[in-house]
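Just model-v9.pdb here, PDB, C-alpha atoms:
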ATOM      1  CA  MET A  10       3.331  20.363 -24.510
ATOM      2  CA  GLY A  11       1.541  21.459 -21.382
ATOM      3  CA  GLU A  12       1.020  24.878 -23.004
ATOM      4  CA  ARG A  13      -1.354  23.414 -25.585
ATOM      5  CA  ASN A  14       0.375  25.073 -28.504
ATOM      6  CA  PRO A  15      -1.002  23.726 -31.802
ATOM      7  CA  CYS A  16       2.503  23.924 -33.289
ATOM      8  CA  PHE A  17       3.360  20.845 -31.286
ATOM      9  CA  LEU A  18       0.702  18.721 -32.945
ATOM     10  CA  PRO A  19       2.574  17.639 -36.074
ATOM     11  CA  PHE A  20       5.628  16.946 -33.944
ATOM     12  CA  ILE A  21       3.654  14.910 -31.467
ATOM     13  CA  LEU A  22       1.788  12.933 -34.102
ATOM     14  CA  SER A  23       4.918  12.215 -36.097
ATOM     15  CA  ASN A  24       6.506  10.857 -32.958
ATOM     16  CA  ILE A  25       3.711   8.589 -31.865
ATOM     17  CA  LEU A  26       3.426   5.385 -33.810
ATOM     18  CA  PRO A  27       1.255   3.629 -34.532
ATOM     19  CA  VAL A  28      -1.588   6.143 -34.525
ATOM     20  CA  ARG A  29      -4.863   4.646 -35.583
ATOM     21  CA  ASN A  30      -7.946   6.595 -36.721
ATOM     22  CA  TYR A  31      -5.723   9.440 -37.798
ATOM     23  CA  ASN A  32      -8.549  10.952 -39.874
ATOM     24  CA  HIS A  33     -10.618  11.411 -36.781
ATOM     25  CA  TRP A  34      -8.018  13.634 -35.210
ATOM     26  CA  GLN A  35     -10.137  16.782 -35.408
ATOM     27  CA  LYS A  36     -13.202  15.212 -33.836
ATOM     28  CA  LYS A  37     -13.537  16.572 -30.339
ATOM     29  CA  SER A  38     -13.255  14.085 -27.508
ATOM     30  CA  GLN A  39     -12.280  11.391 -29.968
ATOM     31  CA  VAL A  40     -10.642   8.576 -28.062
ATOM     32  CA  PHE A  41      -7.479   7.117 -29.495
ATOM     33  CA  HIS A  42      -5.830   3.964 -28.248
ATOM     34  CA  ILE A  43      -2.116   4.119 -28.672
ATOM     35  CA  ASN A  44       0.390   1.726 -27.203
ATOM     36  CA  TYR A  45       2.948   4.314 -26.347
ATOM     37  CA  LEU A  46       4.327   5.634 -23.112
ATOM     38  CA  PHE A  47       2.887   9.108 -23.487
ATOM     39  CA  ASP A  48      -0.290  11.021 -22.779
ATOM     40  CA  PHE A  49      -1.458  14.623 -23.000
ATOM     41  CA  CYS A  50      -4.478  16.837 -23.464
ATOM     42  CA  TYR A  51      -5.036  19.229 -26.321
ATOM     43  CA  ASN A  52      -8.033  21.534 -25.945
ATOM     44  CA  ASP A  53     -11.030  19.245 -25.742
ATOM     45  CA  ILE A  54      -9.256  16.383 -27.418
ATOM     46  CA  VAL A  55      -7.925  13.842 -25.002
ATOM     47  CA  ILE A  56      -5.627  11.069 -26.053
ATOM     48  CA  TYR A  57      -5.814   7.972 -23.910
ATOM     49  CA  MET A  58      -3.003   5.511 -23.884
ATOM     50  CA  SER A  59      -2.298   2.085 -22.612
ATOM     51  CA  VAL A  60       1.048   1.538 -20.926
ATOM     52  CA  LYS A  61       2.416  -1.817 -19.842
ATOM     53  CA  LYS A  62       5.451  -2.436 -17.662
ATOM     54  CA  THR A  63       6.557  -5.527 -15.784
ATOM     55  CA  ILE A  64       8.906  -6.214 -12.908
ATOM     56  CA  LYS A  65       9.989  -9.697 -11.802
ATOM     57  CA  LEU A  66      11.111 -10.343  -8.225
ATOM     58  CA  LYS A  67      12.738 -13.218  -6.373
ATOM     59  CA  ASN A  68      10.878 -14.703  -3.396
ATOM     60  CA  SER A  69      12.863 -12.763  -0.825
ATOM     61  CA  PHE A  70      11.504 -10.104   1.548
ATOM     62  CA  SER A  71      14.386  -7.794   0.674
ATOM     63  CA  GLU A  72      12.986  -7.523  -2.889
ATOM     64  CA  ILE A  73      10.144  -5.297  -1.667
ATOM     65  CA  LYS A  74      12.337  -2.208  -2.061
ATOM     66  CA  LYS A  75      12.698  -2.885  -5.803
ATOM     67  CA  LEU A  76       8.922  -3.136  -6.095
ATOM     68  CA  ASN A  77       8.404   0.120  -4.167
ATOM     69  CA  ASP A  78      10.980   1.942  -6.307
ATOM     70  CA  PHE A  79       9.408   0.582  -9.493
ATOM     71  CA  LEU A  80       5.942   1.680  -8.366
ATOM     72  CA  GLY A  81       7.207   5.125  -7.340
ATOM     73  CA  GLU A  82       8.881   5.723 -10.704
ATOM     74  CA  PHE A  83       5.859   4.426 -12.610
ATOM     75  CA  LEU A  84       3.384   6.658 -10.762
ATOM     76  CA  GLN A  85       5.652   9.692 -10.886
ATOM     77  CA  HIS A  86       6.293   9.248 -14.608
ATOM     78  CA  HIS A  87       2.571   9.220 -15.256
ATOM     79  CA  SER A  88       1.788  11.994 -12.733
ATOM     80  CA  LEU A  89      -0.579   9.815 -10.747
ATOM     81  CA  ASN A  90      -2.065  10.809  -7.401
ATOM     82  CA  ILE A  91       0.191  10.503  -4.320
ATOM     83  CA  LEU A  92      -2.667   9.261  -2.117
ATOM     84  CA  ASN A  93      -3.188   6.389  -4.512
ATOM     85  CA  HIS A  94       0.541   5.732  -4.288
ATOM     86  CA  GLN A  95       0.241   4.805  -0.606
ATOM     87  CA  ASP A  96      -2.842   2.638  -1.174
ATOM     88  CA  ILE A  97      -1.186   0.767  -4.030
ATOM     89  CA  GLN A  98       2.164   0.418  -2.241
ATOM     90  CA  LEU A  99       0.493  -1.032   0.831
ATOM     91  CA  SER A 100      -1.629  -3.457  -1.204
ATOM     92  CA  LEU A 101       1.364  -4.645  -3.231
ATOM     93  CA  GLU A 102       3.443  -5.216  -0.103
ATOM     94  CA  GLU A 103       0.626  -7.185   1.500
ATOM     95  CA  ILE A 104       0.233  -9.335  -1.624
ATOM     96  CA  PHE A 105       3.994  -9.889  -1.903
ATOM     97  CA  ASN A 106       4.323 -10.787   1.811
ATOM     98  CA  ASN A 107       1.421 -13.188   1.534
ATOM     99  CA  ILE A 108       3.011 -15.002  -1.406
ATOM    100  CA  LEU A 109       6.360 -15.257   0.379
ATOM    101  CA  LEU A 110       4.829 -16.496   3.621
ATOM    102  CA  TYR A 111       2.461 -19.108   2.217
ATOM    103  CA  ALA A 112       2.993 -19.906  -1.482
ATOM    104  CA  TYR A 113       6.279 -21.790  -1.354
ATOM    105  CA  PRO A 114       6.444 -24.610   1.200
ATOM    106  CA  ASP A 115       9.281 -26.106  -0.913
ATOM    107  CA  ARG A 116      11.627 -23.279   0.226
ATOM    108  CA  GLN A 117      13.097 -23.136  -3.295
ATOM    109  CA  ALA A 118      13.855 -20.045  -5.386
ATOM    110  CA  HIS A 119      10.859 -18.705  -7.331
ATOM    111  CA  GLU A 120       9.939 -15.678  -9.368
ATOM    112  CA  ILE A 121       6.929 -13.406  -8.918
ATOM    113  CA  SER A 122       5.907 -11.051 -11.706
ATOM    114  CA  PHE A 123       4.023  -7.774 -11.393
ATOM    115  CA  GLN A 124       2.628  -6.443 -14.648
ATOM    116  CA  PHE A 125       1.449  -2.831 -14.506
ATOM    117  CA  ASN A 126      -1.125  -1.767 -17.062
ATOM    118  CA  LEU A 127      -2.300   1.841 -17.095
ATOM    119  CA  GLU A 128      -5.321   2.652 -19.207
ATOM    120  CA  ASN A 129      -7.105   5.987 -19.037
ATOM    121  CA  LYS A 130      -5.876   6.669 -15.477
ATOM    122  CA  VAL A 131      -7.026   3.242 -14.344
ATOM    123  CA  LEU A 132      -4.185   1.103 -13.079
ATOM    124  CA  TRP A 133      -4.415  -2.678 -13.346
ATOM    125  CA  ILE A 134      -1.693  -4.764 -11.747
ATOM    126  CA  CYS A 135      -1.496  -8.450 -12.537
ATOM    127  CA  ILE A 136       0.534 -10.508 -10.050
ATOM    128  CA  GLU A 137       1.615 -14.020 -11.034
ATOM    129  CA  ASP A 138       3.278 -16.618  -8.840
ATOM    130  CA  ASP A 139       3.903 -20.338  -9.314
ATOM    131  CA  GLY A 140       3.166 -21.211  -5.696
ATOM    132  CA  ILE A 141       0.518 -23.509  -4.254
ATOM    133  CA  PRO A 142      -3.078 -22.517  -5.134
ATOM    134  CA  PHE A 143      -4.327 -19.644  -3.035
ATOM    135  CA  ASN A 144      -7.364 -17.470  -3.637
ATOM    136  CA  LEU A 145      -7.346 -14.575  -1.222
ATOM    137  CA  LEU A 146     -10.940 -13.755  -2.168
ATOM    138  CA  GLU A 147     -11.969 -16.908  -0.284
ATOM    139  CA  VAL A 148     -10.317 -15.783   2.949
ATOM    140  CA  LYS A 149     -12.816 -14.871   5.642
ATOM    141  CA  GLU A 150     -12.883 -11.204   6.629
ATOM    142  CA  PRO A 151     -11.447 -10.521  10.107
ATOM    143  CA  GLU A 152     -13.858  -9.497  12.843
ATOM    144  CA  LEU A 153     -13.135  -5.792  13.384
ATOM    145  CA  THR A 154     -15.795  -4.832  15.896
ATOM    146  CA  THR A 155     -15.077  -7.238  18.743
ATOM    147  CA  PRO A 156     -13.550  -5.951  22.014
ATOM    148  CA  LEU A 157      -9.752  -5.817  22.217
ATOM    149  CA  GLN A 158      -9.310  -9.015  24.231
ATOM    150  CA  GLU A 159     -11.221 -11.016  21.611
ATOM    151  CA  ARG A 160      -9.603  -9.514  18.542
ATOM    152  CA  GLN A 161      -7.345 -11.691  16.413
ATOM    153  CA  VAL A 162      -3.958 -10.170  15.591
ATOM    154  CA  GLY A 163      -3.728 -11.624  12.050
ATOM    155  CA  GLY A 164      -5.766 -11.293   8.871
ATOM    156  CA  LEU A 165      -5.336  -7.549   8.428
ATOM    157  CA  GLY A 166      -3.214  -7.723   5.262
ATOM    158  CA  ILE A 167      -5.892  -9.269   3.048
ATOM    159  CA  HIS A 168      -8.517  -6.987   4.593
ATOM    160  CA  LEU A 169      -6.361  -3.972   3.653
ATOM    161  CA  ILE A 170      -5.976  -5.158   0.034
ATOM    162  CA  ARG A 171      -9.744  -5.636  -0.265
ATOM    163  CA  SER A 172     -10.436  -2.231   1.266
ATOM    164  CA  LEU A 173      -7.868  -0.195  -0.656
ATOM    165  CA  MET A 174      -8.357  -1.598  -4.155
ATOM    166  CA  ASP A 175     -11.368  -0.919  -6.381
ATOM    167  CA  GLU A 176     -11.507  -4.429  -7.850
ATOM    168  CA  ILE A 177      -9.754  -7.767  -7.272
ATOM    169  CA  SER A 178      -9.974 -10.924  -9.341
ATOM    170  CA  TYR A 179      -8.253 -14.297  -9.088
ATOM    171  CA  GLN A 180      -7.674 -17.215 -11.407
ATOM    172  CA  ARG A 181      -5.564 -20.359 -11.340
ATOM    173  CA  LYS A 182      -4.039 -20.964 -14.740
ATOM    174  CA  ASN A 183      -1.051 -23.032 -15.957
ATOM    175  CA  ASN A 184      -0.185 -23.901 -12.346
ATOM    176  CA  LYS A 185       0.012 -20.228 -11.477
ATOM    177  CA  ASN A 186      -1.934 -17.957  -9.160
ATOM    178  CA  ILE A 187      -2.968 -14.890 -11.139
ATOM    179  CA  LEU A 188      -4.267 -12.043  -9.035
ATOM    180  CA  THR A 189      -5.398  -8.830 -10.723
ATOM    181  CA  ILE A 190      -6.040  -5.643  -8.774
ATOM    182  CA  LYS A 191      -7.550  -2.445 -10.123
ATOM    183  CA  LYS A 192      -7.138   1.090  -8.807
ATOM    184  CA  ASN A 193      -8.761   4.153 -10.312
ATOM    185  CA  THR A 194      -6.163   6.911  -9.974
ATOM    186  CA  ASN A 195      -8.417   9.858 -10.833
TER
ATOM    187  CA  MET B  20      12.420   2.685  11.119
ATOM    188  CA  GLN B  21      13.662   4.412  14.271
ATOM    189  CA  ILE B  22      12.316   4.315  17.813
ATOM    190  CA  LYS B  23      13.018   7.192  20.198
ATOM    191  CA  GLU B  24      12.316   6.547  23.880
ATOM    192  CA  GLU B  25      11.421   9.152  26.471
ATOM    193  CA  LYS B  26      10.040   8.796  29.994
ATOM    194  CA  ILE B  27       7.466  11.401  31.007
ATOM    195  CA  GLY B  28       6.319  10.687  34.567
ATOM    196  CA  PRO B  29       5.045   7.102  34.651
ATOM    197  CA  VAL B  30       4.555   7.043  30.876
ATOM    198  CA  LEU B  31       7.099   5.667  28.418
ATOM    199  CA  VAL B  32       6.788   7.537  25.117
ATOM    200  CA  LEU B  33       7.940   5.594  22.061
ATOM    201  CA  SER B  34       8.264   7.853  19.010
ATOM    202  CA  VAL B  35       8.268   5.566  15.987
ATOM    203  CA  SER B  36       9.448   7.102  12.712
ATOM    204  CA  GLY B  37       9.954   5.948   9.132
ATOM    205  CA  ARG B  38       8.556   2.688   7.807
ATOM    206  CA  VAL B  39       7.184  -0.200   9.850
ATOM    207  CA  GLU B  40       6.934  -3.144   7.474
ATOM    208  CA  MET B  41       7.786  -6.837   7.247
ATOM    209  CA  LEU B  42      11.539  -6.335   7.644
ATOM    210  CA  THR B  43      11.446  -3.685  10.389
ATOM    211  CA  SER B  44       8.484  -4.859  12.490
ATOM    212  CA  PRO B  45      10.426  -7.577  14.444
ATOM    213  CA  GLN B  46      12.627  -4.784  15.857
ATOM    214  CA  LEU B  47       9.511  -2.900  17.000
ATOM    215  CA  LYS B  48       8.067  -6.022  18.592
ATOM    216  CA  GLU B  49      11.293  -6.781  20.457
ATOM    217  CA  ASN B  50      11.495  -3.207  21.745
ATOM    218  CA  ILE B  51       7.886  -3.167  22.995
ATOM    219  CA  VAL B  52       8.007  -6.628  24.589
ATOM    220  CA  ASN B  53      11.281  -5.817  26.370
ATOM    221  CA  HIS B  54       9.774  -2.665  27.860
ATOM    222  CA  ILE B  55       6.610  -4.431  28.972
ATOM    223  CA  ASN B  56       8.644  -7.250  30.517
ATOM    224  CA  ILE B  57      10.661  -4.841  32.659
ATOM    225  CA  GLY B  58       7.471  -3.271  33.982
ATOM    226  CA  GLU B  59       6.693  -0.375  31.632
ATOM    227  CA  HIS B  60       2.927  -0.718  31.527
ATOM    228  CA  GLN B  61       1.928   2.767  30.397
ATOM    229  CA  LEU B  62       3.017   3.220  26.809
ATOM    230  CA  LEU B  63       2.383   6.146  24.493
ATOM    231  CA  PHE B  64       3.158   5.684  20.819
ATOM    232  CA  ASP B  65       3.871   9.054  19.232
ATOM    233  CA  LEU B  66       3.464   8.352  15.506
ATOM    234  CA  PHE B  67       4.014  11.897  14.222
ATOM    235  CA  GLU B  68       6.981  10.800  12.108
ATOM    236  CA  LEU B  69       5.594   7.446  11.027
ATOM    237  CA  ASP B  70       5.389   7.452   7.219
ATOM    238  CA  TYR B  71       4.208   3.937   6.474
ATOM    239  CA  ILE B  72       2.868   0.894   8.277
ATOM    240  CA  SER B  73       1.737  -2.452   6.867
ATOM    241  CA  SER B  74      -0.013  -5.417   8.473
ATOM    242  CA  PRO B  75       2.989  -6.878  10.379
ATOM    243  CA  GLY B  76       3.401  -3.541  12.207
ATOM    244  CA  LEU B  77      -0.336  -3.163  12.776
ATOM    245  CA  GLY B  78      -0.454  -6.660  14.211
ATOM    246  CA  ILE B  79       2.332  -5.791  16.651
ATOM    247  CA  LEU B  80       0.489  -2.704  17.931
ATOM    248  CA  LEU B  81      -2.617  -4.825  18.472
ATOM    249  CA  TYR B  82      -0.531  -7.496  20.202
ATOM    250  CA  ALA B  83       1.033  -4.856  22.492
ATOM    251  CA  ALA B  84      -2.391  -3.455  23.412
ATOM    252  CA  LYS B  85      -3.673  -6.938  24.286
ATOM    253  CA  LEU B  86      -0.552  -7.712  26.324
ATOM    254  CA  LEU B  87      -0.878  -4.450  28.267
ATOM    255  CA  GLN B  88      -4.566  -5.075  28.887
ATOM    256  CA  GLU B  89      -3.681  -8.442  30.468
ATOM    257  CA  LYS B  90      -1.199  -6.674  32.737
ATOM    258  CA  LYS B  91      -3.727  -3.955  33.639
ATOM    259  CA  GLY B  92      -1.587  -1.434  31.799
ATOM    260  CA  LYS B  93      -2.549   1.177  29.229
ATOM    261  CA  MET B  94      -1.527   2.088  25.708
ATOM    262  CA  ASN B  95      -2.355   5.305  23.856
ATOM    263  CA  LEU B  96      -1.451   6.518  20.399
ATOM    264  CA  CYS B  97      -1.107  10.061  19.106
ATOM    265  CA  ALA B  98      -0.277  12.373  16.195
ATOM    266  CA  LEU B  99      -1.028   9.999  13.327
ATOM    267  CA  LYS B 100      -0.682  11.364   9.797
ATOM    268  CA  PRO B 101      -4.006  11.328   7.909
ATOM    269  CA  HIS B 102      -3.082   8.429   5.616
ATOM    270  CA  ILE B 103      -1.848   6.384   8.590
ATOM    271  CA  PHE B 104      -5.064   7.136  10.501
ATOM    272  CA  GLU B 105      -7.021   5.976   7.444
ATOM    273  CA  VAL B 106      -5.221   2.611   7.559
ATOM    274  CA  PHE B 107      -5.947   2.340  11.314
ATOM    275  CA  LYS B 108      -9.622   3.062  10.654
ATOM    276  CA  ILE B 109      -9.817   0.414   7.909
ATOM    277  CA  CYS B 110      -8.466  -2.100  10.435
ATOM    278  CA  GLY B 111     -10.946  -0.991  13.094
ATOM    279  CA  PHE B 112      -8.173   0.219  15.406
ATOM    280  CA  ASP B 113     -10.024   3.462  16.120
ATOM    281  CA  LYS B 114     -12.661   1.333  17.908
ATOM    282  CA  VAL B 115     -10.277  -0.547  20.214
ATOM    283  CA  LEU B 116      -7.240   1.717  20.690
ATOM    284  CA  PRO B 117      -7.292   5.203  22.252
ATOM    285  CA  ILE B 118      -6.023   7.539  19.503
ATOM    286  CA  PHE B 119      -5.378  11.227  20.233
ATOM    287  CA  GLN B 120      -4.530  14.151  17.999
ATOM    288  CA  THR B 121      -1.729  15.533  20.166
ATOM    289  CA  ARG B 122       0.853  14.143  22.572
ATOM    290  CA  GLU B 123      -0.485  16.428  25.339
ATOM    291  CA  GLU B 124      -4.003  15.015  25.020
ATOM    292  CA  ALA B 125      -2.664  11.471  24.998
ATOM    293  CA  LEU B 126      -0.528  12.078  28.131
ATOM    294  CA  GLU B 127      -3.492  13.630  29.938
ATOM    295  CA  ALA B 128      -5.446  10.419  29.360
ATOM    296  CA  PHE B 129      -3.039   8.322  31.456
ATOM    297  CA  ASP B 130      -3.485   7.907  35.210
ATOM    298  CA  ARG B 131      -0.789  10.209  36.538
TER
END

Rewrite the structure of this file - the entire thing - as structure tokens.
Amino acid sequence: MGERNPCFLPFILSNILPVRNYNHWQKKSQVFHINYLFDFCYNDIVIYMSVKKTIKLKNSFSEIKKLNDFLGEFLQHHSLNILNHQDIQLSLEEIFNNILLYAYPDRQAHEISFQFNLENKVLWICIEDDGIPFNLLEVKEPELTTPLQERQVGGLGIHLIRSLMDEISYQRKNNKNILTIKKNTN
Amino acid sequence: MQIKEEKIGPVLVLSVSGRVEMLTSPQLKENIVNHINIGEHQLLFDLFELDYISSPGLGILLYAAKLLQEKKGKMNLCALKPHIFEVFKICGFDKVLPIFQTREEALEAFDR
């Protein structure tokens, strides 16, 4: 498919369902939206896809490995940039740690979901937890320019998330914290 | 995460490799605090083989630097990979911690 051989077109199209706007196929740079785990370029025609995948984790620090493996496979499968991999991995770990440290004063078992949504090389990750309300956007930025003796040791995790992600939004809905982060992987 | 220890003159070199994260950072903290408590007050962190560090590990490095400053000691860092250096810069560490490109440069900067 990477060789851009037109012979592949009927095969590709017959294998991608549903394909909308089929008649517009020959229009150059026509954008198609297809919910299918697949993307490729053909001459000047680019097909953009939306891919959704979710992983659910228990509120245990040892679960971070599952999240890292899931992220690694997701990014590798979609040939996304390795530098972005480290930014996203670090942000996700910081978010996960923050939830585990502060969201559950009841010390009971809970579930945290991470929904990955890739659209046109832009990755959105929606993180949902049923912990106590917490909006990290309201957390004060740490002071980074003070001399060493005056610097606070904490507060770096949220600062890293804010710095490494392109967009962050928060809402409280149905007794859940819903944090959405966006990273452009181009 | 692994920590390799090596004494070069008065300087204790701690080569930290692998991943320093929530689960591994307590081991790093214990190692550093033990060394400081027995009088090792000139520490060099060689981070050439460090692949990943998140906020718990960063906090421990900052804590160690503050502790050594109180004891009139010194802490240098060297050989950070570019993506690790980027994380240090985001956290403002390049303004408060002496970071060197090579181990030799970092060793030269201690009082020997």

- When the cut-off is 10 Å and we count only C-alpha atoms, which residues of chain B are near chain A, given as a ChimeraX atom specification? /B:40-42,70-75,77-82,84-86,88-89,102-103,106-112,114-116

- Query: Given the file above and the PyMOL selection byres ((chain B and resi 58) around 12), which residues are selected, and can you give them as a list in words?
  - Reply: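 Those residues are Pro29, Val30, Leu31, Ile51, Val52, Asn53, His54, Ile55, Asn56, Ile57, Glu59, His60, Gln61, Leu62, Leu86, Leu87, Lys90, Lys91, Gly92 and Lys93 of chain B.
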
- Task: State, in Å with one decimal place, the distance from CA of Leu96 in chain B to CA of Ala83 in chain B.
- Result: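 Value for the CA of Leu96 in chain B-CA of Ala83 in chain B distance: 11.8 Å.
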
- Could you tell me how far CA of Arg122 in chain B lies from CA of Gln46 in chain B, in Å and to one decimal?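 CA of Gln46 in chain B lies 23.3 Å from CA of Arg122 in chain B.
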
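Residues in contact range of Ile108 in chain A, defined as at most 9 Å between all atoms listed in the file, with sequence neighbours fewer than 6 positions away removed, read Asn68, Ile121, Asp138, Gly140 and Phe143 of chain A.
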
- Message: Set the distance at 6 Å and use only C-alpha atoms: which residues neighbour Phe123 in chain A once local chain neighbours fewer than 5 positions away are removed? I'd like the list as a VMD selection string.
- Response: chain A and resid 63 to 64 135 to 136

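The space separating CA of Phe64 in chain B from CA of Phe105 in chain A comes to 27.6 Å.
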